[in-house]
Amino acid sequence: MLNNLLAASRAWGKRNAEMAALPFLLVGVVLLLSVAIEITSEGNVHFLSVENFGAMAAQIPELGLLSLAMMVTMLTAGINLSIISSANLVGVTMAITMLTFGPGAASAGLTLPLIVLTIVGGLLFSVLLGLFNGLLIAKLKITPVLATLGTMILYEGLTLAITKGYVISGMPEEFLVIASGDVFGVPYALIVFTVAAVVMAYVLQRRPFGRQLYMLGSNQTAASFSAVNIDRVILKTYMLSGLLVGLAAIIMLSRFSSANARQGTSLLLVTVLIAVLGGTDPDGGFGKVLGLVMALVIMQCITSGLNLLGISSFLTLGLWGALLIGVIAYRSYRAKNPGNRPKSVSA
Amino acid sequence: MSDFIAMRHVTKNYAGVQALKDIDFQLKRGEIHCLCGENGSGKSTLIKILSGVVKPDEGSEITIDGRVFPHLSAHEALEQGVRVIYQDLALFPNLTVKENIAFQSFSEKGSPMVSWNQVEKTARGAMSLIGLDLDLNRLTGTLPIAQQQLVEITRALIGEPKLLVLDEPTASLTRKEVNALFEVIFRLKSRGVTTMFVSHKLNEVFEIAERVTVLRDGERIGEYVPSEIDHKKLVFLMTGRKYESALPSPVDPLAPNLLEVKNLTRNGEFTDLSFTVKKGEIVGITGLLGSGRTELALAIFGMTVPDSGSLLLEGKAIKPRSNSDAKKLGIGYVPEDRLRQGVIQAQSILDNMSLTVLEKLKTTLGLLDKQKMKTDAQTWVKDLQIKIPSLDSSVKTLSGGNQQKVVLSKWLATNPKLLILDEPTIGIDVLAKNGVHDLVKKLATKGIGIILISDEIPEVLSNCHRVLVMQKGRFVHELVPGPDAERDLLENFNLS
């Protein structure tokens, strides 16, 4: 029994070399942080506590959704730098919609329909913002970094123009339930993320679109010679990225009960870090949802842990940058020195 | 002529694998010597030992001009005048021609400044040795591959070269460029430079070599004079197997036309092309690179749109606007550049094989049927006799011949009526080549119409029912393979 389990896990590690180290890393991080926090706080605060896990679970969904939105584009050897500014533009638009029509709807008893409409509209709008990215990349052949850097600034500019730099706050109580409510102690937001992650895993591994996405990420020319409609796959990819951003925007708006043009801009780097740490190849073609989720949990543990240790969040940001460089450097070192991987078969 | 270089008892072990077993190998001054052998026969190792990149095992001995070395360092090899030009050129594409040729003379004479006059003089001098005339200030990366190769040869001529080793120099050259390269080799020969030439194209070996050394599985099989052996014998020596190439089985004269091409024109690419392909027929198209043959293939495959003319498939007019249209109509295309266009090297064999048929592999839920995907792929592996470690291995672990079979299986899976093969055996060694040829002929007997594009004349002549010759975007000749066909093509169209 135990032997079978070991053999199975070894086989899994072989098939998923790019994320095989993550479970060990996760255990290591948790152990290290538990002990460190236990010592420094002299037993007043615990890392392994319901409160702390609750706090972490609350922060995972939006970061997870944004990381998924980043990852799908990276699989195609692209990137989406506009995820945060898209989320803010969508959030602000939804906030204004609800504030404008809220009082009227409330007096007519139509608050819930308004919220549903806002959510649907927000998701559609977010998909459109993604589609715009896709059009720039697929049709105008602008490289993804520049295209999404452009839209990042464009969307942020639009949001600033709409808000004039102010924070828009005061969402209806019913809307705030999305972030604060739970079933059997599991927050709604976490359920949304879990469902999104599972669906994404299936789409990537088991839908024709998913396989095409990986293949064109590795070699766009060969994929196009294999009768893959490259433009369509790229458009779908960035629309999917937009949809995930939209879900994140809803959860963020609900959590903060407010929206502004510069919410969470430092998360952009973190989503790239999570994707790469989780085994997504920055050059495209490789990466799995499971790896991303593990990396997400590891990152969240480190964030919470450092916070409990009282380390400045500015320093943490610097640490993320260093970690990102470290992970990418390690990957390229491994690519050059494959070690004892299976040798090529000669003719 | 005395031996200029003599290698004796050269042995090399790589972690238990014997790459070279007690090899004796001689080069005479000023001769043109071909090294023949299949992939993995030890050719590359021998070249690397000669150029000082690889150190042979104890007991090996290399004599150059009477000086005996137990092994060479890269520096000693250079000093002794050994210059190697590998298949993957080592040029700086974003530097000019003169910089590429003469970059060693940048820092000469202790001056801190680059003497551009000196650089230009050196470059021009070296180019004149082989009668090359290129714009010195052009960026090297913008030159056609053949001229880039000549730039690299020119660079090798600086200093005192005595031996030029060319590793598969003609793999990406057109026939005309090959002729130009051969002329350069003859010029160098007249200056006393020895050339060692490695090629998979055996007709070129017979054309240029004065002596041939054959290696097989790390052993020296022997040294031969080309005029004393023939093509078949050489293949036998290289592979250790007798191979009888069967002609394609005859086409049923009553078989209906599968494809009719009528006056097809795409401005600047090809003009007024008309031909037919019957069910089960293999039609060869040959002509120099740039004659418009690949462009024709892309138009039939829907990747470009012709300006005028028409296409009929099984009697019905078709207008494929994309290659997915073409795929749905039953047209498949195996592209000429296997590594960039054919396979997705980093991805698994399974994913490569199923890429064209993902839609067919869906279950009712719209998810891929992984089990069917695997069993289908396994069937192709068995049918086409593809040698793979496992379906999950990446394609880059396969040899060229097996990679090409993966590309073929990807298209066979779509159940095509018409298959266009563009240079299907380029860079593949002899035995694997024959494997691909047998497969093509077998497919034709199953009723698939095949267009075989190749600039290797023996390939089209021994595998096609009819051959069309293309020049400057037009068909200029049509012939049925026969005893005089090769001479006919050689004399009338300057093809080999």
# chains A, B, ... in the order shown; residues from 1 in each chain; ligands from 1
>>> residues_around(residues="B:Gln345", least_positions_apart="4", cutoff="12 Å", atoms="only C-alpha atoms", output="short mmCIF file (atom, residue, chain, number, x, y, z; two decimals) with N, CA and C atoms, in the first residue's frame")
data_model
loop_
_atom_site.label_atom_id
_atom_site.label_comp_id
_atom_site.auth_asym_id
_atom_site.auth_seq_id
_atom_site.Cartn_x
_atom_site.Cartn_y
_atom_site.Cartn_z
N MET A 215 0.48 24.04 -27.67
CA MET A 215 1.29 23.75 -28.84
C MET A 215 1.73 25.05 -29.53
N LEU A 216 0.83 26.00 -29.62
CA LEU A 216 1.25 27.24 -30.28
C LEU A 216 2.18 28.03 -29.38
N GLY A 217 2.08 27.80 -28.07
CA GLY A 217 3.03 28.44 -27.17
C GLY A 217 4.44 27.96 -27.39
N SER A 218 4.58 26.69 -27.78
CA SER A 218 5.91 26.12 -28.02
C SER A 218 6.46 26.50 -29.38
N ASN A 219 5.61 26.48 -30.39
CA ASN A 219 6.09 26.75 -31.74
C ASN A 219 4.91 27.17 -32.60
N GLN A 220 4.75 28.48 -32.72
CA GLN A 220 3.58 29.01 -33.42
C GLN A 220 3.59 28.62 -34.90
N THR A 221 4.78 28.61 -35.51
CA THR A 221 4.86 28.28 -36.94
C THR A 221 4.38 26.85 -37.19
N ALA A 222 4.93 25.92 -36.40
CA ALA A 222 4.54 24.52 -36.62
C ALA A 222 3.06 24.32 -36.33
N ALA A 223 2.55 25.02 -35.32
CA ALA A 223 1.12 24.89 -35.01
C ALA A 223 0.29 25.38 -36.18
N GLY A 285 4.28 27.26 -23.60
CA GLY A 285 4.17 25.84 -23.91
C GLY A 285 4.06 24.90 -22.72
N ARG B 338 11.39 20.67 -41.37
CA ARG B 338 10.83 19.80 -40.35
C ARG B 338 10.95 20.39 -38.95
N LEU B 339 12.11 20.98 -38.65
CA LEU B 339 12.37 21.42 -37.28
C LEU B 339 11.53 22.63 -36.89
N ARG B 340 11.28 23.53 -37.85
CA ARG B 340 10.54 24.74 -37.47
C ARG B 340 9.06 24.64 -37.81
N GLN B 341 8.73 23.96 -38.94
CA GLN B 341 7.35 23.94 -39.38
C GLN B 341 6.66 22.60 -39.14
N ILE B 349 5.29 13.48 -28.14
CA ILE B 349 4.95 12.80 -29.38
C ILE B 349 3.43 12.68 -29.49
N LEU B 350 2.80 12.35 -28.37
CA LEU B 350 1.34 12.21 -28.35
C LEU B 350 0.65 13.50 -28.78
N ASP B 351 1.07 14.62 -28.20
CA ASP B 351 0.45 15.90 -28.53
C ASP B 351 0.71 16.28 -29.99
N ASN B 352 1.91 16.00 -30.48
CA ASN B 352 2.22 16.30 -31.87
C ASN B 352 1.35 15.50 -32.82
N MET B 353 1.17 14.22 -32.49
CA MET B 353 0.42 13.35 -33.39
C MET B 353 -1.06 13.69 -33.43
N SER B 393 7.34 11.17 -24.37
CA SER B 393 8.65 11.80 -24.59
C SER B 393 8.49 12.95 -25.57
N SER B 394 9.38 13.93 -25.43
CA SER B 394 9.29 15.05 -26.37
C SER B 394 9.85 14.63 -27.72
N VAL B 395 9.37 15.29 -28.76
CA VAL B 395 9.76 14.92 -30.12
C VAL B 395 11.25 15.13 -30.34
N LYS B 396 11.84 16.06 -29.58
CA LYS B 396 13.25 16.34 -29.83
C LYS B 396 14.16 15.17 -29.44
N THR B 397 13.63 14.18 -28.72
CA THR B 397 14.46 13.01 -28.40
C THR B 397 14.54 12.03 -29.58
N LEU B 398 13.80 12.32 -30.66
CA LEU B 398 13.77 11.38 -31.78
C LEU B 398 14.78 11.76 -32.86
N SER B 399 15.19 10.76 -33.66
CA SER B 399 16.05 11.05 -34.80
C SER B 399 15.22 11.69 -35.91
N GLY B 400 15.90 12.28 -36.88
CA GLY B 400 15.21 12.99 -37.96
C GLY B 400 14.16 12.14 -38.67
N GLN B 403 11.17 11.67 -36.45
CA GLN B 403 10.42 12.94 -36.35
C GLN B 403 9.54 13.12 -37.58
N GLN B 404 10.13 12.83 -38.75
CA GLN B 404 9.36 13.02 -39.98
C GLN B 404 8.16 12.08 -40.01
N VAL B 406 6.51 11.17 -37.43
CA VAL B 406 5.51 11.78 -36.54
C VAL B 406 4.69 12.81 -37.33
N VAL B 407 5.38 13.62 -38.14
CA VAL B 407 4.66 14.61 -38.95
C VAL B 407 3.72 13.89 -39.92
#
>>> interface_residues(of="chain B", to="chain A", cutoff="8 Å", atoms="only C-alpha atoms", output="ChimeraX atom specification")
/B:39-40,322-324,327,333,335,340-344,346-347,351,355-356,358-359,362,366-370,388-389,396-401
>>> write_last_selection(atoms="N, CA and C atoms", output="JSON list (two decimals), in the first residue's frame")
[["chain", "number", "residue", "atom", "x", "y", "z"],
["B", 39, "ASN", "N", 23.86, 8.39, -39.29],
["B", 39, "ASN", "CA", 23.88, 9.11, -38.02],
["B", 39, "ASN", "C", 24.33, 8.14, -36.94],
["B", 40, "GLY", "N", 25.23, 8.59, -36.09],
["B", 40, "GLY", "CA", 25.69, 7.72, -35.01],
["B", 40, "GLY", "C", 26.82, 6.80, -35.42],
["B", 322, "SER", "N", -7.96, 28.65, -45.98],
["B", 322, "SER", "CA", -7.05, 28.47, -44.85],
["B", 322, "SER", "C", -6.65, 27.01, -44.86],
["B", 323, "ASN", "N", -5.62, 26.68, -44.10],
["B", 323, "ASN", "CA", -5.27, 25.26, -44.12],
["B", 323, "ASN", "C", -6.24, 24.41, -43.31],
["B", 324, "SER", "N", -7.06, 25.04, -42.45],
["B", 324, "SER", "CA", -8.10, 24.20, -41.83],
["B", 324, "SER", "C", -9.16, 23.85, -42.87],
["B", 327, "LYS", "N", -7.65, 21.03, -44.73],
["B", 327, "LYS", "CA", -7.69, 19.81, -43.93],
["B", 327, "LYS", "C", -9.06, 19.16, -44.02],
["B", 333, "TYR", "N", -0.34, 18.46, -45.68],
["B", 333, "TYR", "CA", 0.94, 19.00, -46.17],
["B", 333, "TYR", "C", 2.04, 18.76, -45.15],
["B", 335, "PRO", "N", 5.54, 19.92, -44.31],
["B", 335, "PRO", "CA", 6.36, 21.06, -44.76],
["B", 335, "PRO", "C", 7.84, 20.73, -44.89],
["B", 340, "ARG", "N", 11.28, 23.53, -37.85],
["B", 340, "ARG", "CA", 10.54, 24.74, -37.47],
["B", 340, "ARG", "C", 9.06, 24.64, -37.81],
["B", 341, "GLN", "N", 8.73, 23.96, -38.94],
["B", 341, "GLN", "CA", 7.35, 23.94, -39.38],
["B", 341, "GLN", "C", 6.66, 22.60, -39.14],
["B", 342, "GLY", "N", 7.45, 21.54, -39.10],
["B", 342, "GLY", "CA", 6.86, 20.21, -39.04],
["B", 342, "GLY", "C", 6.49, 19.76, -37.64],
["B", 343, "VAL", "N", 7.47, 19.69, -36.78],
["B", 343, "VAL", "CA", 7.22, 19.19, -35.42],
["B", 343, "VAL", "C", 7.30, 20.32, -34.40],
["B", 344, "ILE", "N", 6.65, 20.10, -33.29],
["B", 344, "ILE", "CA", 6.80, 20.99, -32.15],
["B", 344, "ILE", "C", 7.73, 20.25, -31.20],
["B", 346, "ALA", "N", 9.57, 20.62, -28.48],
["B", 346, "ALA", "CA", 9.59, 20.51, -27.03],
["B", 346, "ALA", "C", 8.41, 19.70, -26.51],
["B", 347, "GLN", "N", 7.35, 19.56, -27.32],
["B", 347, "GLN", "CA", 6.14, 18.90, -26.82],
["B", 347, "GLN", "C", 6.18, 17.40, -27.08],
["B", 351, "ASP", "N", 1.07, 14.62, -28.20],
["B", 351, "ASP", "CA", 0.45, 15.90, -28.53],
["B", 351, "ASP", "C", 0.71, 16.28, -29.99],
["B", 355, "LEU", "N", -2.47, 16.72, -32.85],
["B", 355, "LEU", "CA", -2.78, 18.15, -33.01],
["B", 355, "LEU", "C", -3.76, 18.42, -34.14],
["B", 356, "THR", "N", -3.70, 17.64, -35.23],
["B", 356, "THR", "CA", -4.57, 17.91, -36.36],
["B", 356, "THR", "C", -5.97, 17.31, -36.20],
["B", 358, "LEU", "N", -7.73, 16.96, -33.03],
["B", 358, "LEU", "CA", -8.29, 17.15, -31.68],
["B", 358, "LEU", "C", -9.81, 17.15, -31.69],
["B", 359, "GLU", "N", -10.39, 17.79, -32.71],
["B", 359, "GLU", "CA", -11.85, 17.88, -32.76],
["B", 359, "GLU", "C", -12.50, 16.50, -32.87],
["B", 362, "LYS", "N", -12.99, 14.28, -29.40],
["B", 362, "LYS", "CA", -13.83, 14.75, -28.30],
["B", 362, "LYS", "C", -14.88, 13.72, -27.93],
["B", 366, "GLY", "N", -17.41, 17.07, -24.69],
["B", 366, "GLY", "CA", -16.54, 18.08, -25.30],
["B", 366, "GLY", "C", -15.12, 18.01, -24.79],
["B", 367, "LEU", "N", -14.84, 16.99, -23.95],
["B", 367, "LEU", "CA", -13.47, 16.82, -23.47],
["B", 367, "LEU", "C", -12.75, 15.77, -24.31],
["B", 368, "LEU", "N", -11.43, 15.87, -24.34],
["B", 368, "LEU", "CA", -10.66, 14.94, -25.15],
["B", 368, "LEU", "C", -10.68, 13.55, -24.54],
["B", 369, "ASP", "N", -10.81, 12.57, -25.39],
["B", 369, "ASP", "CA", -10.77, 11.18, -24.96],
["B", 369, "ASP", "C", -9.30, 10.75, -24.94],
["B", 370, "LYS", "N", -8.69, 10.86, -23.76],
["B", 370, "LYS", "CA", -7.24, 10.60, -23.65],
["B", 370, "LYS", "C", -6.91, 9.17, -24.06],
["B", 388, "ILE", "N", 10.21, 5.09, -30.75],
["B", 388, "ILE", "CA", 10.07, 6.12, -29.73],
["B", 388, "ILE", "C", 10.31, 5.52, -28.35],
["B", 389, "PRO", "N", 10.82, 6.32, -27.41],
["B", 389, "PRO", "CA", 10.95, 5.82, -26.03],
["B", 389, "PRO", "C", 9.57, 5.66, -25.40],
["B", 396, "LYS", "N", 11.84, 16.06, -29.58],
["B", 396, "LYS", "CA", 13.25, 16.34, -29.83],
["B", 396, "LYS", "C", 14.16, 15.17, -29.44],
["B", 397, "THR", "N", 13.63, 14.18, -28.72],
["B", 397, "THR", "CA", 14.46, 13.01, -28.40],
["B", 397, "THR", "C", 14.54, 12.03, -29.58],
["B", 398, "LEU", "N", 13.80, 12.32, -30.66],
["B", 398, "LEU", "CA", 13.77, 11.38, -31.78],
["B", 398, "LEU", "C", 14.78, 11.76, -32.86],
["B", 399, "SER", "N", 15.19, 10.76, -33.66],
["B", 399, "SER", "CA", 16.05, 11.05, -34.80],
["B", 399, "SER", "C", 15.22, 11.69, -35.91],
["B", 400, "GLY", "N", 15.90, 12.28, -36.88],
["B", 400, "GLY", "CA", 15.21, 12.99, -37.96],
["B", 400, "GLY", "C", 14.16, 12.14, -38.67],
["B", 401, "GLY", "N", 14.52, 10.90, -38.98],
["B", 401, "GLY", "CA", 13.59, 10.04, -39.70],
["B", 401, "GLY", "C", 12.33, 9.78, -38.90]]
>>> residues_around(residues="A:Ser241", least_positions_apart="4", cutoff="9 Å", atoms="only C-alpha atoms", output="JSON, numbers by chain")
{"A": [66, 68, 69, 70, 71, 72, 73, 80, 83, 126, 127, 130, 236, 237, 245, 246]}
>>> write_last_selection(atoms="N, CA and C atoms", output="PDB file, in the first residue's frame")
ATOM      1  N   LEU A  66      -6.281  36.161 -10.589  1.00  0.00           N
ATOM      2  CA  LEU A  66      -5.397  37.016 -11.392  1.00  0.00           C
ATOM      3  C   LEU A  66      -4.204  36.213 -11.906  1.00  0.00           C
ATOM      4  N   LEU A  68      -4.159  32.993 -12.568  1.00  0.00           N
ATOM      5  CA  LEU A  68      -4.648  32.158 -13.677  1.00  0.00           C
ATOM      6  C   LEU A  68      -4.754  32.989 -14.955  1.00  0.00           C
ATOM      7  N   ALA A  69      -5.247  34.224 -14.785  1.00  0.00           N
ATOM      8  CA  ALA A  69      -5.388  35.112 -15.941  1.00  0.00           C
ATOM      9  C   ALA A  69      -4.015  35.395 -16.561  1.00  0.00           C
ATOM     10  N   MET A  70      -3.012  35.523 -15.714  1.00  0.00           N
ATOM     11  CA  MET A  70      -1.650  35.729 -16.205  1.00  0.00           C
ATOM     12  C   MET A  70      -1.132  34.463 -16.868  1.00  0.00           C
ATOM     13  N   MET A  71      -1.372  33.322 -16.207  1.00  0.00           N
ATOM     14  CA  MET A  71      -0.796  32.066 -16.678  1.00  0.00           C
ATOM     15  C   MET A  71      -1.274  31.678 -18.079  1.00  0.00           C
ATOM     16  N   VAL A  72      -2.575  31.788 -18.356  1.00  0.00           N
ATOM     17  CA  VAL A  72      -3.041  31.350 -19.687  1.00  0.00           C
ATOM     18  C   VAL A  72      -2.320  32.094 -20.798  1.00  0.00           C
ATOM     19  N   THR A  73      -2.065  33.386 -20.573  1.00  0.00           N
ATOM     20  CA  THR A  73      -1.385  34.124 -21.643  1.00  0.00           C
ATOM     21  C   THR A  73       0.077  33.701 -21.725  1.00  0.00           C
ATOM     22  N   ASN A  80       0.092  39.070 -20.032  1.00  0.00           N
ATOM     23  CA  ASN A  80      -0.965  40.076 -19.950  1.00  0.00           C
ATOM     24  C   ASN A  80      -0.645  41.047 -18.815  1.00  0.00           C
ATOM     25  N   ILE A  83      -3.715  43.031 -16.546  1.00  0.00           N
ATOM     26  CA  ILE A  83      -4.734  42.395 -15.697  1.00  0.00           C
ATOM     27  C   ILE A  83      -5.187  43.294 -14.550  1.00  0.00           C
ATOM     28  N   SER A 126     -15.185  42.911 -19.087  1.00  0.00           N
ATOM     29  CA  SER A 126     -13.829  42.423 -18.861  1.00  0.00           C
ATOM     30  C   SER A 126     -13.365  41.537 -20.018  1.00  0.00           C
ATOM     31  N   VAL A 127     -14.312  40.706 -20.508  1.00  0.00           N
ATOM     32  CA  VAL A 127     -13.979  39.866 -21.662  1.00  0.00           C
ATOM     33  C   VAL A 127     -13.657  40.749 -22.869  1.00  0.00           C
ATOM     34  N   GLY A 130     -10.258  42.050 -22.666  1.00  0.00           N
ATOM     35  CA  GLY A 130      -9.340  40.982 -23.061  1.00  0.00           C
ATOM     36  C   GLY A 130      -9.313  40.806 -24.565  1.00  0.00           C
ATOM     37  N   LYS A 236      -9.168  33.797 -28.149  1.00  0.00           N
ATOM     38  CA  LYS A 236      -9.843  33.078 -27.062  1.00  0.00           C
ATOM     39  C   LYS A 236      -9.025  33.170 -25.775  1.00  0.00           C
ATOM     40  N   THR A 237      -7.703  33.027 -25.906  1.00  0.00           N
ATOM     41  CA  THR A 237      -6.839  33.049 -24.726  1.00  0.00           C
ATOM     42  C   THR A 237      -6.986  34.368 -23.976  1.00  0.00           C
ATOM     43  N   VAL A 245     -10.043  37.846 -15.008  1.00  0.00           N
ATOM     44  CA  VAL A 245      -9.827  39.168 -14.416  1.00  0.00           C
ATOM     45  C   VAL A 245     -11.143  39.730 -13.907  1.00  0.00           C
ATOM     46  N   GLY A 246     -12.210  39.538 -14.686  1.00  0.00           N
ATOM     47  CA  GLY A 246     -13.533  40.034 -14.292  1.00  0.00           C
ATOM     48  C   GLY A 246     -13.987  39.422 -12.977  1.00  0.00           C
TER      49      GLY A 246
END
>>> residues_around(residues="stretch 162-178 of chain B", least_positions_apart="6", cutoff="7 Å", atoms="only C-alpha atoms", output="PyMOL selection string")
chain B and resi 81-87+146+193-199+288-289+427+495
>>> closest_residue(among="B:Ser41, B:Asn434, B:Asn13, B:Thr379", to="B:Thr213", atoms="only C-alpha atoms")
B:Ser41
>>> closest_residue(among="B:Ile208, B:Ala246, B:Ile47, B:Met127", to="B:Glu31", atoms="only C-alpha atoms")
B:Ile208
>>> residues_around(residues="B:Asp272", least_positions_apart="5", cutoff="8 Å", atoms="only C-alpha atoms", output="VMD selection string")
chain B and resid 262 to 265 309 474
>>> atom_distance(atom1="atom CA of B:Leu89", atom2="atom CA of B:Thr142")
14.0 Å
>>> select_by_dssp(residues="stretch 137-355 of chain B", states="helix (DSSP H, G or I)", output="PyMOL selection string")
chain B and resi 140-142+145-156+175-190+202-208+226-228+231-239+293-300+323-329+338-342+349-355
>>> atom_distance(atom1="atom CA of B:Val10", atom2="atom CA of B:Glu58")
8.6 Å
>>> atom_distance(atom1="atom CA of A:Ala147", atom2="atom CA of A:Ile96")
27.5 Å
>>> residues_around(residues="B:Thr63", least_positions_apart="6", cutoff="12 Å", atoms="only C-alpha atoms", output="list in words")
Asp3, Phe4, Ile5, Ala6, Met7, Arg8, His9, Val10, Asp24, Phe25, Gln26, Leu27, Lys28, Leu50, Phe69, Pro70, His71, Leu72, Ala77 and Gln80 of chain B
>>> write_last_selection(atoms="C-alpha atoms", output="PDB file, in the first residue's frame")
ATOM      1  CA  ASP B   3      49.851  11.487 -46.266  1.00  0.00           C
ATOM      2  CA  PHE B   4      49.269  14.936 -44.911  1.00  0.00           C
ATOM      3  CA  ILE B   5      47.271  13.799 -41.917  1.00  0.00           C
ATOM      4  CA  ALA B   6      47.280  10.277 -40.567  1.00  0.00           C
ATOM      5  CA  MET B   7      45.148   9.193 -37.639  1.00  0.00           C
ATOM      6  CA  ARG B   8      46.060   5.819 -36.126  1.00  0.00           C
ATOM      7  CA  HIS B   9      44.327   3.660 -33.547  1.00  0.00           C
ATOM      8  CA  VAL B  10      41.906   6.454 -32.721  1.00  0.00           C
ATOM      9  CA  ASP B  24      42.848   4.520 -39.031  1.00  0.00           C
ATOM     10  CA  PHE B  25      42.230   7.440 -41.311  1.00  0.00           C
ATOM     11  CA  GLN B  26      44.471   9.200 -43.845  1.00  0.00           C
ATOM     12  CA  LEU B  27      44.193  12.428 -45.756  1.00  0.00           C
ATOM     13  CA  LYS B  28      46.516  13.306 -48.637  1.00  0.00           C
ATOM     14  CA  LEU B  50      40.578  16.341 -35.634  1.00  0.00           C
ATOM     15  CA  PHE B  69      50.361  14.267 -31.415  1.00  0.00           C
ATOM     16  CA  PRO B  70      48.695  11.945 -28.907  1.00  0.00           C
ATOM     17  CA  HIS B  71      45.765  14.363 -29.179  1.00  0.00           C
ATOM     18  CA  LEU B  72      45.179  17.883 -30.419  1.00  0.00           C
ATOM     19  CA  ALA B  77      44.432  22.177 -34.548  1.00  0.00           C
ATOM     20  CA  GLN B  80      48.132  23.149 -37.912  1.00  0.00           C
TER      21      GLN B  80
END
>>> residues_around(residues="A:Lys288", least_positions_apart="3", cutoff="8 Å", atoms="only C-alpha atoms", output="list in words")
Ala201, Gly278, Gly279, Thr280, Gly291 and Leu292 of chain A
>>> select_by_dssp(residues="stretch 141-328 of chain A", states="strand (DSSP E or B)", output="PyMOL selection string")
chain A and resi 168-169+182-183+186-187+258-259
>>> write_last_selection(atoms="N, CA and C atoms", output="JSON list (two decimals), in the first residue's frame")
[["chain", "number", "residue", "atom", "x", "y", "z"],
["A", 168, "ILE", "N", -14.00, 55.24, -5.16],
["A", 168, "ILE", "CA", -15.46, 55.15, -5.22],
["A", 168, "ILE", "C", -15.89, 54.07, -4.25],
["A", 169, "SER", "N", -16.69, 54.44, -3.26],
["A", 169, "SER", "CA", -17.00, 53.44, -2.23],
["A", 169, "SER", "C", -18.48, 53.45, -1.87],
["A", 182, "ASP", "N", -20.12, 32.81, 3.56],
["A", 182, "ASP", "CA", -19.52, 31.48, 3.43],
["A", 182, "ASP", "C", -20.56, 30.39, 3.55],
["A", 183, "VAL", "N", -20.24, 29.20, 3.08],
["A", 183, "VAL", "CA", -21.05, 28.01, 3.35],
["A", 183, "VAL", "C", -20.19, 27.06, 4.16],
["A", 186, "VAL", "N", -16.64, 27.87, 4.47],
["A", 186, "VAL", "CA", -15.83, 28.09, 3.27],
["A", 186, "VAL", "C", -16.33, 29.35, 2.56],
["A", 187, "PRO", "N", -15.48, 30.38, 2.46],
["A", 187, "PRO", "CA", -15.94, 31.62, 1.84],
["A", 187, "PRO", "C", -16.41, 31.40, 0.41],
["A", 258, "SER", "N", -15.07, 49.14, -2.29],
["A", 258, "SER", "CA", -14.66, 50.36, -2.97],
["A", 258, "SER", "C", -13.78, 49.99, -4.16],
["A", 259, "ALA", "N", -13.63, 50.97, -5.08],
["A", 259, "ALA", "CA", -12.77, 50.74, -6.24],
["A", 259, "ALA", "C", -12.02, 52.01, -6.54]]
>>> decode(residues="stretch 37-58 of chain B", atoms="C-alpha atoms", output="PDB file, in the first residue's frame")
ATOM      1  CA  GLY B  37      28.252   6.941 -42.546  1.00  0.00           C
ATOM      2  CA  GLU B  38      24.842   6.975 -40.986  1.00  0.00           C
ATOM      3  CA  ASN B  39      23.881   9.107 -38.019  1.00  0.00           C
ATOM      4  CA  GLY B  40      25.688   7.723 -35.014  1.00  0.00           C
ATOM      5  CA  SER B  41      28.447   6.103 -37.055  1.00  0.00           C
ATOM      6  CA  GLY B  42      31.113   8.294 -35.457  1.00  0.00           C
ATOM      7  CA  LYS B  43      31.632  10.909 -38.181  1.00  0.00           C
ATOM      8  CA  SER B  44      31.090  13.856 -35.871  1.00  0.00           C
ATOM      9  CA  THR B  45      33.337  12.415 -33.180  1.00  0.00           C
ATOM     10  CA  LEU B  46      36.120  11.917 -35.709  1.00  0.00           C
ATOM     11  CA  ILE B  47      35.782  15.507 -36.905  1.00  0.00           C
ATOM     12  CA  LYS B  48      35.751  16.793 -33.354  1.00  0.00           C
ATOM     13  CA  ILE B  49      38.944  14.888 -32.545  1.00  0.00           C
ATOM     14  CA  LEU B  50      40.578  16.341 -35.634  1.00  0.00           C
ATOM     15  CA  SER B  51      39.593  19.869 -34.658  1.00  0.00           C
ATOM     16  CA  GLY B  52      40.683  19.396 -31.046  1.00  0.00           C
ATOM     17  CA  VAL B  53      37.215  19.751 -29.535  1.00  0.00           C
ATOM     18  CA  VAL B  54      37.167  16.172 -28.269  1.00  0.00           C
ATOM     19  CA  LYS B  55      40.108  14.350 -26.723  1.00  0.00           C
ATOM     20  CA  PRO B  56      40.570  10.768 -27.963  1.00  0.00           C
ATOM     21  CA  ASP B  57      41.380   7.903 -25.561  1.00  0.00           C
ATOM     22  CA  GLU B  58      44.944   6.806 -24.680  1.00  0.00           C
TER      23      GLU B  58
END
